[in-house]
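See structure below.
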Amino acid sequence: MTGTVTLRDRVLWGRVAPWLPPLWSPLCSSLAKRAPRLVSPPHHRSVHQGWSTAPPRSLKLQRYNRGGGDTGLPALTTGPAAALARRRTTTPLRTGVLAVKKGMTSLFKGNRHIPCTVLQLDRVQVVANKTFDKHGYWAVQIGMGSRAPSNVTHAQLGYYEVKGLAPKEALAEFMVRDESGLLPVGAQLLPDWFQKDQMVDVRAKTRGMGFAGGMKRHGFAGQPASHGNSKTHRAMGSAGPSQGSGSRVHPGKKMAGRMGNEWHTVQNLRVLKVDNDLGIVMVSGAVPGPHGRMVRLQDAKKRKAPGLPHRAKRLQELLDRNDCGEKRLDEARKMHLQMKKARQGDWERPMYRTPEPQEMPTDSVEGAIQDARI
């Protein structure tokens, strides 16, 4: 049969011939070129485990869309690295301290009455340093107070023994901007670490008030006092609609619950007085928490840091007080190994041995048999 074969003829013949492009070169070129991918192609599992078709967990996709470098993509704005980059300019240059809230009083500046809070520093020492190469950020670990060795675990006791320090009542980390903010281990921070009239940020846990209703906890207006309202004057009311929103209570709904005992930060408090003899720092205004609560005290993030002369002078005094720090650490490590070995010897329990059976005299055995027969 000659001539052009139409689609109708193919249908009549019971089969449809595959369609081919008029030229092969465009098809080959389109198959040869691959679209650029930002993520490497997925790997297929080599071992079949039941119904799972996920790739092996040991294989990690090599991603090319991380941004920065030679990729030509903009740097990511999310993630730990981006967060550290954003806080690089606001992170304080120096470490902070831990203090105890002793109460409130007032000072007079001329005829002006200034309410203030008294914060006491109790044996505040540097316990450890966090480096960027090992931990991913710069920070100083500060300890405050003391604790009886019998009230800490053996792991914590060894942690302090290696550093030549007594067990601390509280520990906290203060991030610093760079390596210049690190301090030698064992150095003690005094109240004059802060300068008079400088601004500080205070962070502490608020006073816990237990289970509270919606009016006290969130400031609800309450329900009407009359006009048919019975015994629901201080009730919360509806927690949400029953249709259109999933017939549920949305997360974060304001309602009755435990109030207080949450971390709260008060920024830009002025240092009014510093006394090394009493070990106190007095700041203007109120500080969260009840009397005796531990607070974190650090240079203000949104204000200028203390002047360079003050920082350099206090740092030099601290280094002079801790001039033999490395030697003391070496002695502490040796003492720790000796004490650890001594404790292991005291804790070593004797092996349990099965007692050998004792031979009973023949007379007693015969007497026991006769008693049993009787």
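Residue numbering restarts at 1 in every chain; chains get A, B, ... in the order shown in the structure tokens, and ligands count up from 1 in that same order.
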
Write out as a tab-separated table the residues of segment 281-340 of chain A that have any atom within 7 Å of an atom of segment 89-100 of chain A, one row each with the nearest atom pair and its distance in Å to one decimal, counting only C-alpha atoms, sorted by chain and then rising number.
```
residue	atom	partner	partner_atom	distance
A:Gly292	CA	A:Val100	CA	5.6
A:Arg293	CA	A:Val100	CA	5.7
A:Met294	CA	A:Val100	CA	4.7
A:Val295	CA	A:Ala99	CA	5.4
A:Arg296	CA	A:Leu98	CA	5.0
A:Leu297	CA	A:Val97	CA	5.3
A:Gln298	CA	A:Gly96	CA	4.1
A:Asp299	CA	A:Pro92	CA	6.3
A:Lys301	CA	A:Thr90	CA	5.5
```

Per residue of segment 249-362 of chain A within 12 Å of segment 165-169 of chain A, record the nearest atom pair and its distance in Å to one decimal, counting only C-alpha atoms, with rows in chain order and ascending residue number, as a Markdown table.
```
| residue | atom | partner | partner_atom | distance |
| --- | --- | --- | --- | --- |
| A:Met294 | CA | A:Glu169 | CA | 10.1 |
| A:Gly325 | CA | A:Leu165 | CA | 11.8 |
| A:Arg328 | CA | A:Leu165 | CA | 10.3 |
| A:Leu329 | CA | A:Leu165 | CA | 9.6 |
| A:Glu331 | CA | A:Leu165 | CA | 11.8 |
| A:Ala332 | CA | A:Leu165 | CA | 8.5 |
| A:Arg333 | CA | A:Leu165 | CA | 11.0 |
| A:Met335 | CA | A:Leu165 | CA | 11.8 |
| A:His336 | CA | A:Leu165 | CA | 10.9 |
```

Output file for the residues above (N, CA and C atoms, as a tab-separated table (two decimals), in the first residue's frame):
```tsv
chain	number	residue	atom	x	y	z
A	294	MET	N	18.38	33.96	92.86
A	294	MET	CA	19.59	34.17	92.07
A	294	MET	C	19.25	34.98	90.82
A	325	GLY	N	47.57	30.88	88.19
A	325	GLY	CA	46.41	30.05	87.86
A	325	GLY	C	46.78	28.72	87.24
A	328	ARG	N	48.24	26.35	89.81
A	328	ARG	CA	47.19	25.86	90.71
A	328	ARG	C	46.33	24.81	90.02
A	329	LEU	N	46.06	24.98	88.72
A	329	LEU	CA	45.27	23.98	87.99
A	329	LEU	C	46.00	22.66	87.90
A	331	GLU	N	48.24	21.47	90.01
A	331	GLU	CA	48.17	20.85	91.33
A	331	GLU	C	46.78	20.29	91.61
A	332	ALA	N	45.76	20.99	91.16
A	332	ALA	CA	44.39	20.51	91.38
A	332	ALA	C	44.14	19.22	90.60
A	333	ARG	N	44.66	19.12	89.38
A	333	ARG	CA	44.46	17.89	88.61
A	333	ARG	C	45.15	16.71	89.29
A	335	MET	N	45.87	16.40	92.49
A	335	MET	CA	45.12	16.09	93.70
A	335	MET	C	43.82	15.37	93.37
A	336	HIS	N	43.19	15.75	92.27
A	336	HIS	CA	41.95	15.08	91.87
A	336	HIS	C	42.19	13.62	91.56
```

Quiz item: Quick one: of A:Ala225, A:Met255, A:Ala286, A:Leu319, who's nearest to Ala239 of chain A, counting only C-alpha atoms?
Solution: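 Closest to Ala239 of chain A of all the choices is A:Met255.
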
Which residues are near Thr117 of chain A? Cut-off 7 Å, only C-alpha atoms, ignore same chain within fewer than 3 positions. Put them as a PDB file with C-alpha atoms, in the first residue's frame.
```pdb
ATOM      1  CA  GLY A 103      15.898  43.293  98.969  1.00  0.00           C
ATOM      2  CA  MET A 104      15.010  46.872  98.078  1.00  0.00           C
ATOM      3  CA  THR A 105      15.948  50.158  99.663  1.00  0.00           C
ATOM      4  CA  MET A 282      22.990  48.468  93.999  1.00  0.00           C
ATOM      5  CA  VAL A 283      20.942  49.014  90.841  1.00  0.00           C
ATOM      6  CA  SER A 284      18.038  51.379  90.262  1.00  0.00           C
ATOM      7  CA  GLY A 285      14.504  50.080  90.082  1.00  0.00           C
ATOM      8  CA  ALA A 286      13.030  46.651  90.724  1.00  0.00           C
ATOM      9  CA  VAL A 287      14.474  43.231  89.906  1.00  0.00           C
TER      10      VAL A 287
END
```

Exercise. Using only C-alpha atoms, find the one residue out of A:Leu315, A:Leu269, A:Ala235, A:Met175 that sits nearest to Lys196 of chain A.
Key: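 Smallest separation from Lys196 of chain A among the options: A:Leu269.
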
Quiz prompt | Contacts of Trp263 of chain A at 12 Å (only C-alpha atoms; same-chain gap of 2+ positions) as a count of residues only | solution = 19

For Val249 of chain A: contacts at 10 Å, only C-alpha atoms, fewer than 5 positions along chain excluded, given as a compact mmCIF listing (two decimals) with N, CA and C atoms, in the first residue's frame:
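The resulting around00.txt:
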```txt
# COMPACT_ATOMS: atom_id res chain seq x y z
N SER A 238 -16.06 31.19 77.14
CA SER A 238 -15.82 30.24 76.06
C SER A 238 -14.33 30.17 75.72
N ALA A 239 -13.89 28.96 75.38
CA ALA A 239 -12.50 28.74 74.97
C ALA A 239 -12.35 28.68 73.47
N GLY A 240 -13.44 28.87 72.71
CA GLY A 240 -13.36 28.84 71.25
C GLY A 240 -14.63 28.29 70.65
N PRO A 241 -14.82 28.48 69.34
CA PRO A 241 -16.03 27.96 68.68
C PRO A 241 -15.98 26.46 68.53
N SER A 242 -17.16 25.88 68.28
CA SER A 242 -17.25 24.43 68.10
C SER A 242 -17.21 24.02 66.64
```

Self-check item: strand (DSSP E) per DSSP on the backbone: members of segment 271-312 of chain A, as a PyMOL selection string
Solution: chain A and resi 271-275+280-284+294-299

Hey, can you spit out that residue selection with N, CA and C atoms as an mmCIF file, in the first residue's frame?
```cif
data_model
loop_
_atom_site.group_PDB
_atom_site.id
_atom_site.type_symbol
_atom_site.label_atom_id
_atom_site.label_comp_id
_atom_site.auth_asym_id
_atom_site.auth_seq_id
_atom_site.Cartn_x
_atom_site.Cartn_y
_atom_site.Cartn_z
ATOM 1 N N VAL A 271 23.656 51.351 87.574
ATOM 2 C CA VAL A 271 24.396 50.970 88.777
ATOM 3 C C VAL A 271 24.584 52.218 89.634
ATOM 4 N N LEU A 272 24.026 52.200 90.839
ATOM 5 C CA LEU A 272 24.077 53.364 91.722
ATOM 6 C C LEU A 272 25.233 53.313 92.705
ATOM 7 N N LYS A 273 25.612 52.092 93.122
ATOM 8 C CA LYS A 273 26.667 51.986 94.122
ATOM 9 C C LYS A 273 27.349 50.631 93.996
ATOM 10 N N VAL A 274 28.658 50.615 94.257
ATOM 11 C CA VAL A 274 29.463 49.394 94.231
ATOM 12 C C VAL A 274 30.308 49.380 95.491
ATOM 13 N N ASP A 275 30.274 48.266 96.245
ATOM 14 C CA ASP A 275 31.006 48.173 97.513
ATOM 15 C C ASP A 275 31.661 46.802 97.590
ATOM 16 N N ILE A 280 28.395 44.087 97.485
ATOM 17 C CA ILE A 280 27.064 44.375 96.957
ATOM 18 C C ILE A 280 27.173 45.302 95.747
ATOM 19 N N VAL A 281 26.156 45.194 94.900
ATOM 20 C CA VAL A 281 25.950 46.092 93.774
ATOM 21 C C VAL A 281 24.515 46.587 93.873
ATOM 22 N N MET A 282 24.321 47.887 93.890
ATOM 23 C CA MET A 282 22.990 48.468 93.999
ATOM 24 C C MET A 282 22.594 49.034 92.643
ATOM 25 N N VAL A 283 21.443 48.579 92.142
ATOM 26 C CA VAL A 283 20.942 49.014 90.841
ATOM 27 C C VAL A 283 19.603 49.716 91.044
ATOM 28 N N SER A 284 19.283 50.621 90.154
ATOM 29 C CA SER A 284 18.038 51.379 90.262
ATOM 30 C C SER A 284 16.854 50.525 89.831
ATOM 31 N N MET A 294 18.381 33.964 92.857
ATOM 32 C CA MET A 294 19.591 34.168 92.067
ATOM 33 C C MET A 294 19.253 34.979 90.819
ATOM 34 N N VAL A 295 20.088 35.961 90.499
ATOM 35 C CA VAL A 295 19.878 36.809 89.331
ATOM 36 C C VAL A 295 21.159 36.827 88.507
ATOM 37 N N ARG A 296 20.983 37.086 87.211
ATOM 38 C CA ARG A 296 22.099 37.226 86.277
ATOM 39 C C ARG A 296 22.298 38.711 85.984
ATOM 40 N N LEU A 297 23.518 39.166 86.177
ATOM 41 C CA LEU A 297 23.845 40.581 86.016
ATOM 42 C C LEU A 297 24.938 40.715 84.962
ATOM 43 N N GLN A 298 24.676 41.514 83.912
ATOM 44 C CA GLN A 298 25.624 41.655 82.807
ATOM 45 C C GLN A 298 25.506 43.046 82.198
ATOM 46 N N ASP A 299 26.551 43.444 81.470
ATOM 47 C CA ASP A 299 26.523 44.743 80.797
ATOM 48 C C ASP A 299 25.334 44.819 79.854
#
```

Exercise. Tell me which protein, DNA and RNA residues are within 9 Å of Lys254 of chain A, counting only C-alpha atoms, leaving out same-chain ones fewer than 6 positions away, and put them as a ChimeraX atom specification.
Key: /A:214,217-218,239

Export N, CA and C atoms of the chosen residues as a PDB file, in the first residue's frame?
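File produced: out08.pdb:
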```
ATOM      1  N   GLY A 214      -8.104  33.538  85.118  1.00  0.00           N
ATOM      2  CA  GLY A 214      -7.865  34.348  83.932  1.00  0.00           C
ATOM      3  C   GLY A 214      -7.814  35.836  84.215  1.00  0.00           C
ATOM      4  N   ARG A 217      -4.337  36.389  85.925  1.00  0.00           N
ATOM      5  CA  ARG A 217      -3.193  35.972  85.112  1.00  0.00           C
ATOM      6  C   ARG A 217      -3.063  36.768  83.821  1.00  0.00           C
ATOM      7  N   HIS A 218      -4.202  37.059  83.169  1.00  0.00           N
ATOM      8  CA  HIS A 218      -4.174  37.726  81.870  1.00  0.00           C
ATOM      9  C   HIS A 218      -4.946  39.042  81.847  1.00  0.00           C
ATOM     10  N   ALA A 239     -13.886  28.965  75.378  1.00  0.00           N
ATOM     11  CA  ALA A 239     -12.497  28.745  74.967  1.00  0.00           C
ATOM     12  C   ALA A 239     -12.350  28.684  73.465  1.00  0.00           C
TER      13      ALA A 239
END
```

Gln188 of chain A: which residues within 10 Å, counting only C-alpha atoms, same-chain residues fewer than 3 positions away excluded, as a PDB file with N, CA and C atoms, in the first residue's frame?
```pdb
ATOM      1  N   ASP A 122      28.346  36.456  96.026  1.00  0.00           N
ATOM      2  CA  ASP A 122      28.818  35.484  97.011  1.00  0.00           C
ATOM      3  C   ASP A 122      29.784  34.511  96.343  1.00  0.00           C
ATOM      4  N   ARG A 123      31.075  34.738  96.530  1.00  0.00           N
ATOM      5  CA  ARG A 123      32.131  33.849  96.010  1.00  0.00           C
ATOM      6  C   ARG A 123      31.909  33.513  94.536  1.00  0.00           C
ATOM      7  N   VAL A 124      31.835  34.529  93.730  1.00  0.00           N
ATOM      8  CA  VAL A 124      31.625  34.376  92.291  1.00  0.00           C
ATOM      9  C   VAL A 124      32.975  34.098  91.638  1.00  0.00           C
ATOM     10  N   GLN A 125      33.104  32.948  90.982  1.00  0.00           N
ATOM     11  CA  GLN A 125      34.357  32.537  90.362  1.00  0.00           C
ATOM     12  C   GLN A 125      34.105  32.007  88.958  1.00  0.00           C
ATOM     13  N   VAL A 126      35.164  32.065  88.150  1.00  0.00           N
ATOM     14  CA  VAL A 126      35.122  31.505  86.799  1.00  0.00           C
ATOM     15  C   VAL A 126      35.353  30.002  86.904  1.00  0.00           C
ATOM     16  N   VAL A 127      34.435  29.224  86.351  1.00  0.00           N
ATOM     17  CA  VAL A 127      34.517  27.763  86.427  1.00  0.00           C
ATOM     18  C   VAL A 127      35.072  27.167  85.139  1.00  0.00           C
ATOM     19  N   ILE A 142      30.190  30.754  84.957  1.00  0.00           N
ATOM     20  CA  ILE A 142      30.373  31.397  86.252  1.00  0.00           C
ATOM     21  C   ILE A 142      29.662  30.574  87.318  1.00  0.00           C
ATOM     22  N   GLY A 143      30.311  30.428  88.472  1.00  0.00           N
ATOM     23  CA  GLY A 143      29.719  29.743  89.612  1.00  0.00           C
ATOM     24  C   GLY A 143      29.576  30.684  90.792  1.00  0.00           C
ATOM     25  N   MET A 144      28.578  30.422  91.630  1.00  0.00           N
ATOM     26  CA  MET A 144      28.297  31.290  92.772  1.00  0.00           C
ATOM     27  C   MET A 144      28.023  30.442  93.999  1.00  0.00           C
ATOM     28  N   LEU A 183      38.182  34.496  80.589  1.00  0.00           N
ATOM     29  CA  LEU A 183      38.913  34.762  81.822  1.00  0.00           C
ATOM     30  C   LEU A 183      39.548  33.479  82.330  1.00  0.00           C
ATOM     31  N   PRO A 184      40.630  33.576  83.114  1.00  0.00           N
ATOM     32  CA  PRO A 184      41.265  32.369  83.650  1.00  0.00           C
ATOM     33  C   PRO A 184      40.360  31.656  84.645  1.00  0.00           C
ATOM     34  N   VAL A 185      40.450  30.337  84.651  1.00  0.00           N
ATOM     35  CA  VAL A 185      39.622  29.524  85.546  1.00  0.00           C
ATOM     36  C   VAL A 185      40.058  29.761  86.987  1.00  0.00           C
ATOM     37  N   LEU A 318      42.228  41.547  88.035  1.00  0.00           N
ATOM     38  CA  LEU A 318      41.799  40.151  88.125  1.00  0.00           C
ATOM     39  C   LEU A 318      42.942  39.210  87.784  1.00  0.00           C
ATOM     40  N   LEU A 319      43.726  39.539  86.761  1.00  0.00           N
ATOM     41  CA  LEU A 319      44.858  38.689  86.390  1.00  0.00           C
ATOM     42  C   LEU A 319      45.932  38.709  87.470  1.00  0.00           C
ATOM     43  N   ARG A 321      45.419  39.015  90.700  1.00  0.00           N
ATOM     44  CA  ARG A 321      44.955  38.162  91.796  1.00  0.00           C
ATOM     45  C   ARG A 321      45.054  36.685  91.445  1.00  0.00           C
ATOM     46  N   ASN A 322      45.096  36.376  90.164  1.00  0.00           N
ATOM     47  CA  ASN A 322      45.131  34.983  89.720  1.00  0.00           C
ATOM     48  C   ASN A 322      46.408  34.729  88.901  1.00  0.00           C
TER      49      ASN A 322
END
```

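Across the model, the gap from atom CA of Gln223 of chain A to atom CA of Arg258 of chain A is 21.5 Å.
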